[in-house]
Every structure is written in C-alpha cells, then in structure tokens.
Amino acid sequence: MKRIWIPVVLLAAIIGGSIWALWPRSQQGLVLYSAVDYSGDVAAAFTKKTGIKVTVIELTTGALLAKISAEGHRPAWALAWFDGDLAAAALDHAGLVSRHIVPQLPWTDEGRSLVPADGSYTPTGLTLAGAYTYRPTVMSNPPQTWTGLVNPALHGAIGMNNPSISGPMYPMLAGMLAQGGGWPKGQDFVLKLKGNGLHVYAKNKATLAALREGDIKMAITQSSAAWYLAAKDPTLRVRIPKPAFALPSVLVVAAGIPAKTRVAAERFIRFAMNHDIQKLRIGQGEGDSYYWPLTTDAPQPKAGMPALDTLVIKHLNPGRWGPIEPQVNQWFSQAIIGQ
Amino acid sequence: MHKARRVALSSPLFLVFAGLFVYPIARLLLMPWIPALEPAEGMGLHASTLGLSPVAIANTVRLGLASTLVAVPLGLGFGWLLERRQWRGKGLIMLTLWLIFLTPSYLLTTGWQIVFSQPMLHHGHLAQMFFGQAGIIALLGLKGFPFACLAARGSWRAIGTEIVDAARIHVASAWRRRGVLLRLLLPAAGSAFAIVFIESIQEFGIPATLGAQIHLPIITYAIYERLAMTPVDFTHAALLSWTLVVLAAGAASVHFYLGRRFGSALVHGRQRQSAPPSCSRAEGAVAGVAAMALLIIGIAIPGTAIIHAALWQIDPYASVPVPWHTLLYSTLYASIAALLAVSVAMLLISGQRRARGSMAHMVDAMTLGNMAIPGLVLGAAYIIAFNGSLLPLYGTPGLLIIAYVAAQVPVLVRFLQAPMGQVHVSMSDAARLHGMPWINRAADVQAPLLLSPFLWGWTMAFGQVFFELPISELLYPAGRAPVGVAIVTLNQKMHYTEEARLALAGIALSLVIAGLVAAILRFAMAPQVARERPA
C-alpha cells in the first residue's frame with residue numbers, strides 16, 4: 001500500500017516541475033507572428049536598439065493565418081510578417097488589421113505601387129509568385145512567357161504546388177488567370193495547361209523533389225524558394241517569366257490593440273525597413289532573404305538575382321483578387337486537380 | 001444519501017469536463033447555425049458552397065475501412081502471439097511495435113519517400129503503388145497496427161485458461177471453440193476498429209503526400225481547403241467536420257454494440273495464471289516470417305533511410321543548429337498531458353460503468369468530436385473558446401495541455417474500455433465487505449489490476465502527444481515550442497538533415513522515458529504481486 005505513494009509523489013513532482021518550467025516568466029512585449037525566416041534576428045536587433053521586448057512566434061503561413069483568424073477581434077498578437085499582399089488585403093477586408101500603419105519611407109516606384117491606399121499593410125520586400133526552376137542538362141530552352149507553358153513539347157514536364165494548400169501559389173494562379181483574360185475567362189488557359197500534363201504537388205518540398213528526381217523538367221514556385229534552391233544546387237537555373245507577378249512580404253498590425261502597443265509596432269516596421277536591418281535580412285536570412293528591396297536606401301539584393309528593372313512585373317489588384325480566393329481555389333481543386 | 005453525495009461530488013467534475021473538453025468543440029460545431037459564435041463577424045460568409053462530393057465521403061470511408069482491415073487482423077494475430085505463446089522473438093516484436101507507434105506518420109512517410117526516390121525504384125511498379133491508394137492504405141494500416149495490437153493483447157491476456165479448458169469440455173468442435181474465443185475478443189476488436197478507423201479518416205498528411213498525383217477527393221482535403229483561405233473559413237470547416245463526426249459516431253457505435261453484446265468480466269478472483277505453451281514449429285515459422293516482414297517494412301527500411309539522412313547530408317543546404325531544447329518541452333508537455341488524459345479516461349470509464357445511463361453515453365459521444373476532427377480545426381476551436389475574458393487561457397501552457405488531453409481522452413476511452421471492463425466488480429466489493437477503506441481498495445485491489453492498462457495508456461498518450469503537430473502549432477506558448485513544431489520549421493526551411501536528427505533523437509528519448517516510467521511503476525507495484533502469487 002505504501003509503495004503506491006512513490007509513483008504518486010513522483011508524478012506530482014513531474015507535474016509541478018513541468019508547469020513551473022513551462023510557465024512564461026516575463027512580459028511578452030510585442031508579439032510577432034512570423035512566417036519569414038529572418039524575423040528572429042530582426043527582433044533581437046530591435047530589442048537591443050530600443051529595449052522593447054519582442055516575442056517571435058514562428059509559424060508556417062497557413063498556421064499563422066489560421067491563428068489570426070481564430071483569434072478574431074481579440075488578437076494576442078501585435079504584428080504579423082508573411083508573404084502575400086492578397087492575404088493581407090483579405091485580413092483587412094475582415095477588419096482584423098489596423099489601417100494607416102505604413103511609414104513614410106523613400107519608396108522605389110515598385111514599392112510605392114505596392115503600398116495600399118488604406119495603409120493596412122507595409123510591403124517589406126518583393127518576391128515573385130511564379131519562377132521557373134529547371135536543369136539546363138534536361139531542358140535547354142525553358143519558356144519565357146506563361147503562354148509558352150502550353151507548348152506541346154512541354155507535355156508532362158511542368159509541376160507546381162497546390163494553391164489550396166500552399167499559400168504563395170494563389171497569387172501565381174491568379175496571375176495565370178489574369179494573363180488568360182481575368183476571372184472566369186482565364187480558366188481556359190489553366191485548363192489548356194492541365195491538358196498539357198500539368199503536375200500539381202502539395203507543397204514546395206514535393207514539387208522540388210519531383211524536379212530533382214526527374215519526374216518533371218521544370219518547377220513553378222515562389223522566386224525566393226527557386227533562387228535559394230539554385231544557389232545551393234549549381235545544376236539548377238532560374239528563369240523569371242514575362243510578366244512576373246509581384247508577391248511582396250508584408251507586415252501587418254493587429255486591429256484594436258492598445259495605442260502604446262501600436263506605436264511600438266509602427267516603430268518596429270520602420271526599424272525593419274532601415275538600411276542596416278535590410279542588410280541583416282538579406283545577409284542572415286535563408287530562403288526568404290532572396291527578395292528585392294523596395295526602398296531606395298536599401299542595400300543590393302543577393303548576388304545572382306537579376307536587377308528589378310530588367311524584369312516585367314505585374315501587380316494584381318488585391319482588392320479584386322483577394323476576396324475571390326476561395327472561389328478560385330475551389331474551381332482549381334475541382335477542375336484541375338479533380339478533388 | 002449516498003446517491004445525493006455522489007451527485008454532489010460528480011457534478012463539479014462533470015462541469016469541469018464539459019467546460020474544458022466538450023464546450024470548445026461544441027461551440028465550433030454549432031458555428032454554422034449560430035454566427036455569433038464566430039471569432040470575428042462575417043468570416044464564414046465569403047464561401048458559397050461546401051465543396052464536398054459523395055465521392056469524397058466514399059473515398060474517405062474506403063481508405064478508413066481498408067486500413068482498418070489491414071491493422072485489426074494483424075493486431076489480433078500479434079496480440080495472440082505475444083500473450084498466448086512463448087516465443088523467443090517477443091522482445092523484437094515489442095520493440096518494433098513501439099517504434100512504429102512512436103514514429104510520427106510524417107516521418108514514416110518521409111522515410112519511404114526517400115526510399116522510392118532512388119533512381120532504381122523511382123519509376124517502378126512498387127513506387128507507382130506506393131504513391132497511390134495502396135501506399136496510403138499500407139501506411140495508415142501500419143500506423144493503426146500498434147493500437148490494434150495493444151487493444152488485442154489486453155483481451156488475450158484476460159482470457160484465462162479456465163475458459164479455454166471449459167470450452168474444451170463443453171464444446172466438441174474445435175472450430176466452435178475458436179469461435180468462442182473470437183467472441184470474447186470482439187470487444188477488443190471493436191475498440192481497435194473504432195480507433196484505427198477514426199484516426200485514419202481524420203488523417204490529412206499521408207493522403208495529401210502520397211496521393212498528390214492520383215488526386216483522390218477526401219473529406220479532410222475539403223476541410224484543409226477551407227483552412228487555407230484568408231481569413232480562414234471556420235464555419236464551413238466546422239460544417240464539413242460534421243461529416244467526420246458522423247462517420248466516427250458510426251464506428252463508435254460498432255464498438256459500443258460489440259462491447260455491450262459480447263463484453264464480459266474476464267478478470268476475477270478465482271483466475272489462475274499459467275505459462276503459455278511454446279509455439280509449434282509451424283506457428284514459429286509463420287510468426288518469424290510475419291515479425292521479420294513487420295520489422296523490415298515498418299521500421300528497418302524507412303528507419304535506415306531516415307538515419308542515412310540524419311548522419312550524411314543528403315540535402316545540399318548549409319547546416320543550422322538543431323533546436324534540441326524542444327525535446328525537453330515536448331517531454332514535459334507529453335508527460336503531464338498523458339498522465340491527465342489517462343486519469344480522465346479511467347475516471348470516465350468507471351463513471352460510465354456505474355451510471356450505465358444515457359448520460360454516460362452522451363459524454364462519450366460528445367468526446368467523439370475531439371477524436372474525429374482534424375487537429376488544426378481542434379486547435380482553432382480551443383483558441384476561439386478560451387480567448388475571451390472568461391477563462392483567458394490562450395497563450396498559456398495550460399491550454400496546450402488541455403487541448404492535448406482533449407485529443408487523447410477519446411482514444412484512451414476506446415482503448416481502455418475493454419481491459420477495464422474485464423475487471424470484475426466483485427473484487428472491489430469483496431474488499432469493501434471486509435472493511436477495507438477506499439484508499440486501500442484503490443491502492444491494493446484496483447491499482448495493481450489497472451496498472452497495466454494505465455501504463456499502456458500513459459505510454460500511448462505520451463507517444464502521441466510528444467510529436468503532435470497541428471494543435472501544437474496553434475497553441476504553443478511563446479518561446480516554448482514543442483518538437484513537432486521545430487521539425488516542421490526545419491522542413492519548411494529545407495533543413496532535412498537536422499529535421500531527421502531531431503526526429504530520431506525524439507523517438508529515442510520517448511522510448512527511454514516510456515521504458516523508465518514503466519520500470520519505476522512496476523518496481524512500485526511488484527511486492528504486492530509477489531505476495532499474492534504464493535497464496
């Protein structure tokens with residue numbers, strides 16, 4: 001009988017010790033939900049400079065948006081950093097983010113064009129929604145445009161991510177539809193692509209693995225993932241199609257947070273955009289560091305990336321394409337994937 | 001008077017249970033009809049259609065049933081071998097069983113993916129089968145097999161030699177004798193069926209990864225489609241989740257029916273233990289082949305691929321530090337959550353046995369939602385429920401642990417119902433008649449009998465929580481990320497080597513902890529068992 005108390009006491013000690021060890025001990029300060037890989041370094045630098053503590057919660061883009069949506073009008077976050085102005089516009093549409101938070105910065109022309117009229121999100125860098133990654137030994141002359149993808153010579157050679165599962169793919173799909181004449185007219189173009197043997201994988205990992213294994217000859221992914229892969233695997237090359245669709249990383253501030261927190265959040269945004277910190281983001285980051293800066297005082301992008309003015313970049317209207325995302329993705333699932 | 005006292009004692013417990021485990025999921029499931037329950041106004045209004053076809057339901061049921069048909073007979077067979085026969089390879093089977101159980105499904109899938117990415121296999125017939133329905137069913141069945149085996153072992157162990165001897169005397173036909181045995185196993189088979197089927201229908205990762213190219217419509221795909229929208233469409237995700245809840249309720253009713261129709265109290269005071277006979281030559285040969293096949297398919301091949309990935313850089317990216325500290329957090333979360341989950345499950349089962357009323361079944365049915373609904377939706381339900389001014393638990397480790405417990409309790413209830421139901425109430429009654437206080441009855445009569453299911457249940461919940469991902473991702477407190485989140489973060493950043501190292505260390509650590517706790521508890525209970533035997 002007495003022996004039973006040994007495990008009981010032991011288990012009580014485990015529970016007590018565990019809860020003590022896990023309970024947060026200090027104020028969280030600014031809570032940043034982040035799906036970009038350099039956010040930890042930026043937050044540390046911000047705290048060092050200002051003394052304001054930043055708690056970074058690293059999430060995948062999908063989980064980040066699910067968390068923000070579930071918190072609704074009682075946000076536990078102050079700032080969120082992720083790729084996609086269409087998603088940011090949709091959050092704004094649902095009243096979940098603060099407006100007029102964009103700081104006065106020396107924007108480039110491209111940067112200025114990405115700043116929303118209501119100031120609901122700050123574009124912090126530019127990536128492209130669709131970049132072609134290929135192996136020159138297998139594909140010597142990849143297409144230069146979107147219409148080139150339906151060339152019968154490329155039957156079964158192209159792979160992309162599923163936009164219903166992989167967040168950054170929706171802007172690319174929206175771009176393809178826009179190229180094909182808008183929504184719903186552009187469906188014909190995407191259906192032609194399907195007829196030409198388009199492969200659709202779940203996420204980047206599967207698409208890039210298919211490229212590595214020779215199942216496909218060319219992968220369409222976000223440009224940052226494409227450059228990152230090509231930088232590490234010298235047998236791969238990246239081609240940016242004409243036009244390319246803008247996919248900026250954005251910072252948003254939660255709606256309805258205390259004024260003091262909002263001031264600190266806006267200070268963080270200005271900090272993240274200054275020259276030294278952009279240098280840190282480009283130098284210290286991993287895949288997400290492959291972006292084109294949007295301010296004139298920023299450092300040069302990573303080596304190997306083409307100059308922005310050599311590219312033809314199209315910016316989709318977030319107010320038009322953001323709200324129809326469910327409809328478009330549902331059509332894609334049914335008509336293209338068959339799910 | 002006794003009844004009034006019992007009601008007074010059980011009411012607060014019921015309220016706590018309902019508030020922490022039933023309310024969040026009920027609130028989510030009622031959202032389609034009561035828009036005021038949504039976290040932000042009008043979030044579910046932007047989607048017009050459900051996007052769920054009868055084909056998706058049919059495919060989900062087919063995958064669930066097929067994987068269950070793989071797992072349950074295998075579980076019954078290996079359970080028989082482990083409990084009813086003496087065989088030298090038992091240790092190896094147990095190790096394989098636990099390794100399959102503890103390896104998260106995403107890691108098992110990755111291991112096999114690495115294997116089939118080899119040029120010599122990649123375009124072959126086997127690879128085509130693997131990246132299709134056969135592969136999905138095989139992996140779901142493999143992941144369900146340990147549940148089935150653990151459930152079956154309890155019953156094989158409880159069926160004493162007296163029953164077999166009595167059957168030999170009273171039932172002439174050998175086939176009918178086997179039928180009697182199988183009938184006694186039906187409650188355990190029902191429990192295994194319900195667990196494996198429900199776990200399979202709510203799985204998203206395996207079908208999404210392996211079935212990417214066959215484009216198989218399933219229910220979880222439609223749910224995840226709603227979760228990938230901005231802002232997330234919880235209303236329609238909840239509506240679609242009802243389909244899974246109804247299917248889970250169907251599986252649970254099979255379990256209830258088998259338990260009620262064929263359940264029996266097999267463990268009683270007059271039971272005698274006897275050593276199982278050795279395997280015959282034919283049985284040994286079959287057991288050897290089956291165990292080797294399981295070891296090779298379940299662990300050796302995918303494990304070698306993962307170890308290869310962990311020890312040699314198969315991906316070309318610069319190495320990053322492995323976040324080893326996440327192992328500590330996961331150990332702490334899993335230890336507490338498993339302990340609470342198994343305790344709540346056992347309390348619920350004993351409450352059900354006493355109540356035997358519709359209330360007991362209602363509680364049971366309500367917890368089904370927690371089991372059937374995919375983790376990401378469950379995590380969101382907990383944010384929505386506990387992000388208000390009343391009980392603002394969101395952001396604390398407490399809520400993460402509560403959500404883990406909520407996810408584990410229904411599985412444990414189904415798993416433990418059969419072994420707990422087999423302990424005859426007369427044993428506790430006899431002790432009470434002899435004037436033994438309740439604390440002694442609990443410690444000296446019930447605890448030794450329930451120690452084994454408690455241990456299995458704890459270890460099972462520990463293993464499940466240790467690598468849990470979707471709930472963790474949404475609810476983990478800042479700066480205290482569990483290992484599942486760290487593994488996925490490494491995967492997102494394409495650091496596959498570090499991901500594999502962390503996952504392997506996690507499996508090793510959870511094996512060691514499970515073994516350690518089992519050893520401590522067995523040591524604590526051993527003297528009582530030893531004293532009972534000579535009598």
# chains A, B, ... in the order shown; residues from 1 in each chain; ligands from 1
call {"tool": "residues_around", "arguments": {"residues": "Arg27 of chain B", "least_positions_apart": "6", "cutoff": "9 Å", "atoms": "only C-alpha atoms", "output": "PyMOL selection string"}}
result
chain B and resi 34+37-38+381+384-385
call {"tool": "residues_around", "arguments": {"residues": "segment 76-91 of chain A", "least_positions_apart": "2", "cutoff": "6 Å", "atoms": "only C-alpha atoms", "output": "list of chain:residue names"}}
result
A:Leu30, A:Val31, A:Leu32, A:Tyr33, A:Ser34, A:Ala35, A:Val36, A:His93, A:Ala94, A:Leu96, A:Leu247, A:Pro248, A:Ser249, A:Val250, A:Leu251, A:Val252, A:Val253, A:Ala254, A:Pro318, A:Gly322, B:Thr230, B:Pro231
call {"tool": "residues_around", "arguments": {"residues": "segment 386-401 of chain B", "least_positions_apart": "4", "cutoff": "6 Å", "atoms": "only C-alpha atoms", "output": "list in words"}}
result
Ala337, Tyr382, Leu475 and Pro477 of chain B
call {"tool": "select_by_dssp", "arguments": {"residues": "segment 110-294 of chain A", "states": "helix (DSSP H, G or I)", "output": "PyMOL selection string"}}
result
chain A and resi 110-114+147-150+152-154+169-179+187-195+204-212+223-232+259-272+275-284+287-289
call {"tool": "residues_around", "arguments": {"residues": "segment 267-280 of chain A", "least_positions_apart": "3", "cutoff": "10 Å", "atoms": "only C-alpha atoms", "output": "ChimeraX atom specification"}}
result
/A:30,38-39,41-43,45-47,49-50,52,54,79,81,101-105,122-125,250-253,261-264,283-285,289,293-302
call {"tool": "closest_residue", "arguments": {"among": "B:Val445, B:Ile383, B:Val411, B:Leu490", "to": "chain A", "atoms": "only C-alpha atoms"}}
result
B:Ile383
call {"tool": "residues_around", "arguments": {"residues": "Ala210 of chain A", "least_positions_apart": "3", "cutoff": "12 Å", "atoms": "only C-alpha atoms", "output": "count of residues only"}}
result
35
call {"tool": "residues_around", "arguments": {"residues": "segment 327-333 of chain B", "least_positions_apart": "6", "cutoff": "9 Å", "atoms": "only C-alpha atoms", "output": "mmCIF file with C-alpha atoms, in the first residue's frame"}}
result
data_model
loop_
_atom_site.group_PDB
_atom_site.id
_atom_site.type_symbol
_atom_site.label_atom_id
_atom_site.label_comp_id
_atom_site.auth_asym_id
_atom_site.auth_seq_id
_atom_site.Cartn_x
_atom_site.Cartn_y
_atom_site.Cartn_z
ATOM 1 C CA ILE A 14 6.828 15.854 -12.507
ATOM 2 C CA ILE A 15 3.622 17.836 -12.994
ATOM 3 C CA GLY A 17 8.112 20.870 -12.030
ATOM 4 C CA SER A 18 6.881 20.822 -15.602
ATOM 5 C CA ILE A 19 4.311 23.554 -15.118
ATOM 6 C CA ALA A 21 9.367 25.155 -16.132
ATOM 7 C CA LEU A 22 6.865 25.908 -18.882
ATOM 8 C CA PRO B 397 0.976 26.071 -21.464
ATOM 9 C CA LEU B 400 -1.990 23.484 -24.828
ATOM 10 C CA ILE B 401 -2.032 20.655 -22.283
ATOM 11 C CA TYR B 404 -3.692 17.590 -25.862
ATOM 12 C CA PHE B 462 2.830 10.182 -24.302
ATOM 13 C CA VAL B 465 1.489 13.983 -27.733
ATOM 14 C CA PHE B 466 5.278 14.045 -27.996
ATOM 15 C CA PHE B 467 5.251 14.556 -31.771
ATOM 16 C CA ARG B 480 8.216 27.042 -25.586
ATOM 17 C CA ALA B 481 7.835 25.335 -28.947
ATOM 18 C CA PRO B 482 7.388 21.562 -28.847
ATOM 19 C CA VAL B 483 9.462 19.250 -31.033
ATOM 20 C CA GLY B 484 6.771 18.767 -33.735
ATOM 21 C CA LEU B 502 15.843 15.913 -34.203
ATOM 22 C CA ALA B 505 16.529 11.898 -31.045
ATOM 23 C CA GLY B 506 12.859 12.431 -30.174
ATOM 24 C CA LEU B 509 14.087 9.897 -25.958
ATOM 25 C CA SER B 510 10.416 8.928 -25.876
ATOM 26 C CA ILE B 513 11.189 7.783 -20.989
#
call {"tool": "atom_distance", "arguments": {"atom1": "atom CA of Leu308 of chain A", "atom2": "atom CA of Gln492 of chain B"}}
result
26.5 Å
call {"tool": "atom_distance", "arguments": {"atom1": "atom CA of Ser191 of chain B", "atom2": "atom CA of His255 of chain B"}}
result
5.5 Å
call {"tool": "closest_residue", "arguments": {"among": "A:Ile240, A:Ala44, A:Ile57, A:Ala174", "to": "chain B", "atoms": "only C-alpha atoms"}}
result
A:Ile57
call {"tool": "closest_residue", "arguments": {"among": "B:Ile223, B:Met129, B:Ala293, B:Leu20", "to": "chain A", "atoms": "only C-alpha atoms"}}
result
B:Ile223
call {"tool": "atom_distance", "arguments": {"atom1": "atom CA of Arg157 of chain B", "atom2": "atom CA of Leu450 of chain B"}}
result
13.1 Å
call {"tool": "decode", "arguments": {"residues": "segment 13-26 of chain B", "atoms": "all heavy atoms", "output": "PDB file, in the first residue's frame"}}
result
ATOM      1  N   LEU B  13     -17.096  17.857 -11.166  1.00  0.00           N
ATOM      2  CA  LEU B  13     -16.199  17.153 -12.094  1.00  0.00           C
ATOM      3  C   LEU B  13     -16.762  17.173 -13.506  1.00  0.00           C
ATOM      4  O   LEU B  13     -16.058  17.406 -14.483  1.00  0.00           O
ATOM      5  CB  LEU B  13     -16.024  15.692 -11.646  1.00  0.00           C
ATOM      6  CG  LEU B  13     -14.948  15.437 -10.607  1.00  0.00           C
ATOM      7  CD1 LEU B  13     -14.932  13.966 -10.230  1.00  0.00           C
ATOM      8  CD2 LEU B  13     -13.585  15.842 -11.141  1.00  0.00           C
ATOM      9  N   PHE B  14     -18.084  16.922 -13.585  1.00  0.00           N
ATOM     10  CA  PHE B  14     -18.740  16.909 -14.890  1.00  0.00           C
ATOM     11  C   PHE B  14     -18.656  18.296 -15.533  1.00  0.00           C
ATOM     12  O   PHE B  14     -18.394  18.427 -16.727  1.00  0.00           O
ATOM     13  CB  PHE B  14     -20.194  16.463 -14.750  1.00  0.00           C
ATOM     14  CG  PHE B  14     -20.939  16.505 -16.051  1.00  0.00           C
ATOM     15  CD1 PHE B  14     -20.746  15.509 -17.003  1.00  0.00           C
ATOM     16  CD2 PHE B  14     -21.790  17.550 -16.351  1.00  0.00           C
ATOM     17  CE1 PHE B  14     -21.404  15.554 -18.223  1.00  0.00           C
ATOM     18  CE2 PHE B  14     -22.460  17.602 -17.563  1.00  0.00           C
ATOM     19  CZ  PHE B  14     -22.269  16.599 -18.497  1.00  0.00           C
ATOM     20  N   LEU B  15     -18.846  19.335 -14.695  1.00  0.00           N
ATOM     21  CA  LEU B  15     -18.803  20.707 -15.219  1.00  0.00           C
ATOM     22  C   LEU B  15     -17.414  21.045 -15.758  1.00  0.00           C
ATOM     23  O   LEU B  15     -17.276  21.651 -16.822  1.00  0.00           O
ATOM     24  CB  LEU B  15     -19.196  21.711 -14.120  1.00  0.00           C
ATOM     25  CG  LEU B  15     -20.695  21.826 -13.839  1.00  0.00           C
ATOM     26  CD1 LEU B  15     -20.931  22.783 -12.685  1.00  0.00           C
ATOM     27  CD2 LEU B  15     -21.435  22.321 -15.090  1.00  0.00           C
ATOM     28  N   VAL B  16     -16.394  20.651 -14.999  1.00  0.00           N
ATOM     29  CA  VAL B  16     -15.018  20.892 -15.459  1.00  0.00           C
ATOM     30  C   VAL B  16     -14.787  20.159 -16.773  1.00  0.00           C
ATOM     31  O   VAL B  16     -14.258  20.717 -17.743  1.00  0.00           O
ATOM     32  CB  VAL B  16     -13.994  20.427 -14.387  1.00  0.00           C
ATOM     33  CG1 VAL B  16     -12.585  20.437 -14.943  1.00  0.00           C
ATOM     34  CG2 VAL B  16     -14.079  21.325 -13.165  1.00  0.00           C
ATOM     35  N   PHE B  17     -15.228  18.912 -16.821  1.00  0.00           N
ATOM     36  CA  PHE B  17     -15.066  18.105 -18.034  1.00  0.00           C
ATOM     37  C   PHE B  17     -15.779  18.765 -19.208  1.00  0.00           C
ATOM     38  O   PHE B  17     -15.207  18.938 -20.290  1.00  0.00           O
ATOM     39  CB  PHE B  17     -15.619  16.697 -17.779  1.00  0.00           C
ATOM     40  CG  PHE B  17     -15.627  15.846 -19.011  1.00  0.00           C
ATOM     41  CD1 PHE B  17     -14.456  15.241 -19.453  1.00  0.00           C
ATOM     42  CD2 PHE B  17     -16.783  15.657 -19.738  1.00  0.00           C
ATOM     43  CE1 PHE B  17     -14.451  14.474 -20.605  1.00  0.00           C
ATOM     44  CE2 PHE B  17     -16.785  14.885 -20.882  1.00  0.00           C
ATOM     45  CZ  PHE B  17     -15.607  14.289 -21.320  1.00  0.00           C
ATOM     46  N   ALA B  18     -17.038  19.171 -18.966  1.00  0.00           N
ATOM     47  CA  ALA B  18     -17.830  19.769 -20.046  1.00  0.00           C
ATOM     48  C   ALA B  18     -17.211  21.096 -20.486  1.00  0.00           C
ATOM     49  O   ALA B  18     -17.118  21.384 -21.679  1.00  0.00           O
ATOM     50  CB  ALA B  18     -19.265  19.989 -19.574  1.00  0.00           C
ATOM     51  N   GLY B  19     -16.749  21.891 -19.512  1.00  0.00           N
ATOM     52  CA  GLY B  19     -16.196  23.208 -19.840  1.00  0.00           C
ATOM     53  C   GLY B  19     -14.899  23.117 -20.617  1.00  0.00           C
ATOM     54  O   GLY B  19     -14.661  23.889 -21.536  1.00  0.00           O
ATOM     55  N   LEU B  20     -14.044  22.168 -20.254  1.00  0.00           N
ATOM     56  CA  LEU B  20     -12.727  22.106 -20.874  1.00  0.00           C
ATOM     57  C   LEU B  20     -12.692  21.249 -22.137  1.00  0.00           C
ATOM     58  O   LEU B  20     -11.914  21.514 -23.048  1.00  0.00           O
ATOM     59  CB  LEU B  20     -11.690  21.572 -19.877  1.00  0.00           C
ATOM     60  CG  LEU B  20     -11.419  22.438 -18.652  1.00  0.00           C
ATOM     61  CD1 LEU B  20     -10.356  21.809 -17.777  1.00  0.00           C
ATOM     62  CD2 LEU B  20     -10.977  23.841 -19.060  1.00  0.00           C
ATOM     63  N   PHE B  21     -13.540  20.226 -22.174  1.00  0.00           N
ATOM     64  CA  PHE B  21     -13.409  19.290 -23.284  1.00  0.00           C
ATOM     65  C   PHE B  21     -14.606  19.279 -24.239  1.00  0.00           C
ATOM     66  O   PHE B  21     -14.452  18.978 -25.409  1.00  0.00           O
ATOM     67  CB  PHE B  21     -13.166  17.870 -22.751  1.00  0.00           C
ATOM     68  CG  PHE B  21     -11.960  17.783 -21.861  1.00  0.00           C
ATOM     69  CD1 PHE B  21     -12.048  17.278 -20.582  1.00  0.00           C
ATOM     70  CD2 PHE B  21     -10.738  18.231 -22.309  1.00  0.00           C
ATOM     71  CE1 PHE B  21     -10.934  17.225 -19.759  1.00  0.00           C
ATOM     72  CE2 PHE B  21      -9.614  18.178 -21.502  1.00  0.00           C
ATOM     73  CZ  PHE B  21      -9.716  17.675 -20.222  1.00  0.00           C
ATOM     74  N   VAL B  22     -15.779  19.577 -23.748  1.00  0.00           N
ATOM     75  CA  VAL B  22     -16.964  19.495 -24.610  1.00  0.00           C
ATOM     76  C   VAL B  22     -17.309  20.865 -25.192  1.00  0.00           C
ATOM     77  O   VAL B  22     -17.586  20.984 -26.384  1.00  0.00           O
ATOM     78  CB  VAL B  22     -18.169  18.916 -23.818  1.00  0.00           C
ATOM     79  CG1 VAL B  22     -19.388  18.806 -24.730  1.00  0.00           C
ATOM     80  CG2 VAL B  22     -17.824  17.547 -23.248  1.00  0.00           C
ATOM     81  N   TYR B  23     -17.244  21.904 -24.349  1.00  0.00           N
ATOM     82  CA  TYR B  23     -17.652  23.245 -24.798  1.00  0.00           C
ATOM     83  C   TYR B  23     -16.884  23.727 -26.037  1.00  0.00           C
ATOM     84  O   TYR B  23     -17.507  24.196 -27.005  1.00  0.00           O
ATOM     85  CB  TYR B  23     -17.531  24.235 -23.630  1.00  0.00           C
ATOM     86  CG  TYR B  23     -17.374  25.670 -24.034  1.00  0.00           C
ATOM     87  CD1 TYR B  23     -18.424  26.354 -24.655  1.00  0.00           C
ATOM     88  CD2 TYR B  23     -16.183  26.354 -23.805  1.00  0.00           C
ATOM     89  CE1 TYR B  23     -18.266  27.682 -25.047  1.00  0.00           C
ATOM     90  CE2 TYR B  23     -16.025  27.671 -24.185  1.00  0.00           C
ATOM     91  CZ  TYR B  23     -17.052  28.331 -24.810  1.00  0.00           C
ATOM     92  OH  TYR B  23     -16.898  29.625 -25.199  1.00  0.00           O
ATOM     93  N   PRO B  24     -15.519  23.626 -26.077  1.00  0.00           N
ATOM     94  CA  PRO B  24     -14.822  24.183 -27.246  1.00  0.00           C
ATOM     95  C   PRO B  24     -15.277  23.560 -28.562  1.00  0.00           C
ATOM     96  O   PRO B  24     -15.535  24.258 -29.528  1.00  0.00           O
ATOM     97  CB  PRO B  24     -13.349  23.855 -26.976  1.00  0.00           C
ATOM     98  CG  PRO B  24     -13.262  23.593 -25.530  1.00  0.00           C
ATOM     99  CD  PRO B  24     -14.578  23.039 -25.111  1.00  0.00           C
ATOM    100  N   ILE B  25     -15.398  22.235 -28.546  1.00  0.00           N
ATOM    101  CA  ILE B  25     -15.738  21.566 -29.805  1.00  0.00           C
ATOM    102  C   ILE B  25     -17.219  21.771 -30.139  1.00  0.00           C
ATOM    103  O   ILE B  25     -17.594  21.919 -31.301  1.00  0.00           O
ATOM    104  CB  ILE B  25     -15.323  20.073 -29.750  1.00  0.00           C
ATOM    105  CG1 ILE B  25     -14.974  19.583 -31.134  1.00  0.00           C
ATOM    106  CG2 ILE B  25     -16.321  19.170 -29.147  1.00  0.00           C
ATOM    107  CD1 ILE B  25     -13.701  20.164 -31.658  1.00  0.00           C
ATOM    108  N   ALA B  26     -18.061  21.810 -29.102  1.00  0.00           N
ATOM    109  CA  ALA B  26     -19.489  22.047 -29.340  1.00  0.00           C
ATOM    110  C   ALA B  26     -19.689  23.449 -29.926  1.00  0.00           C
ATOM    111  O   ALA B  26     -20.466  23.634 -30.863  1.00  0.00           O
ATOM    112  CB  ALA B  26     -20.263  21.908 -28.031  1.00  0.00           C
TER     113      ALA B  26
END
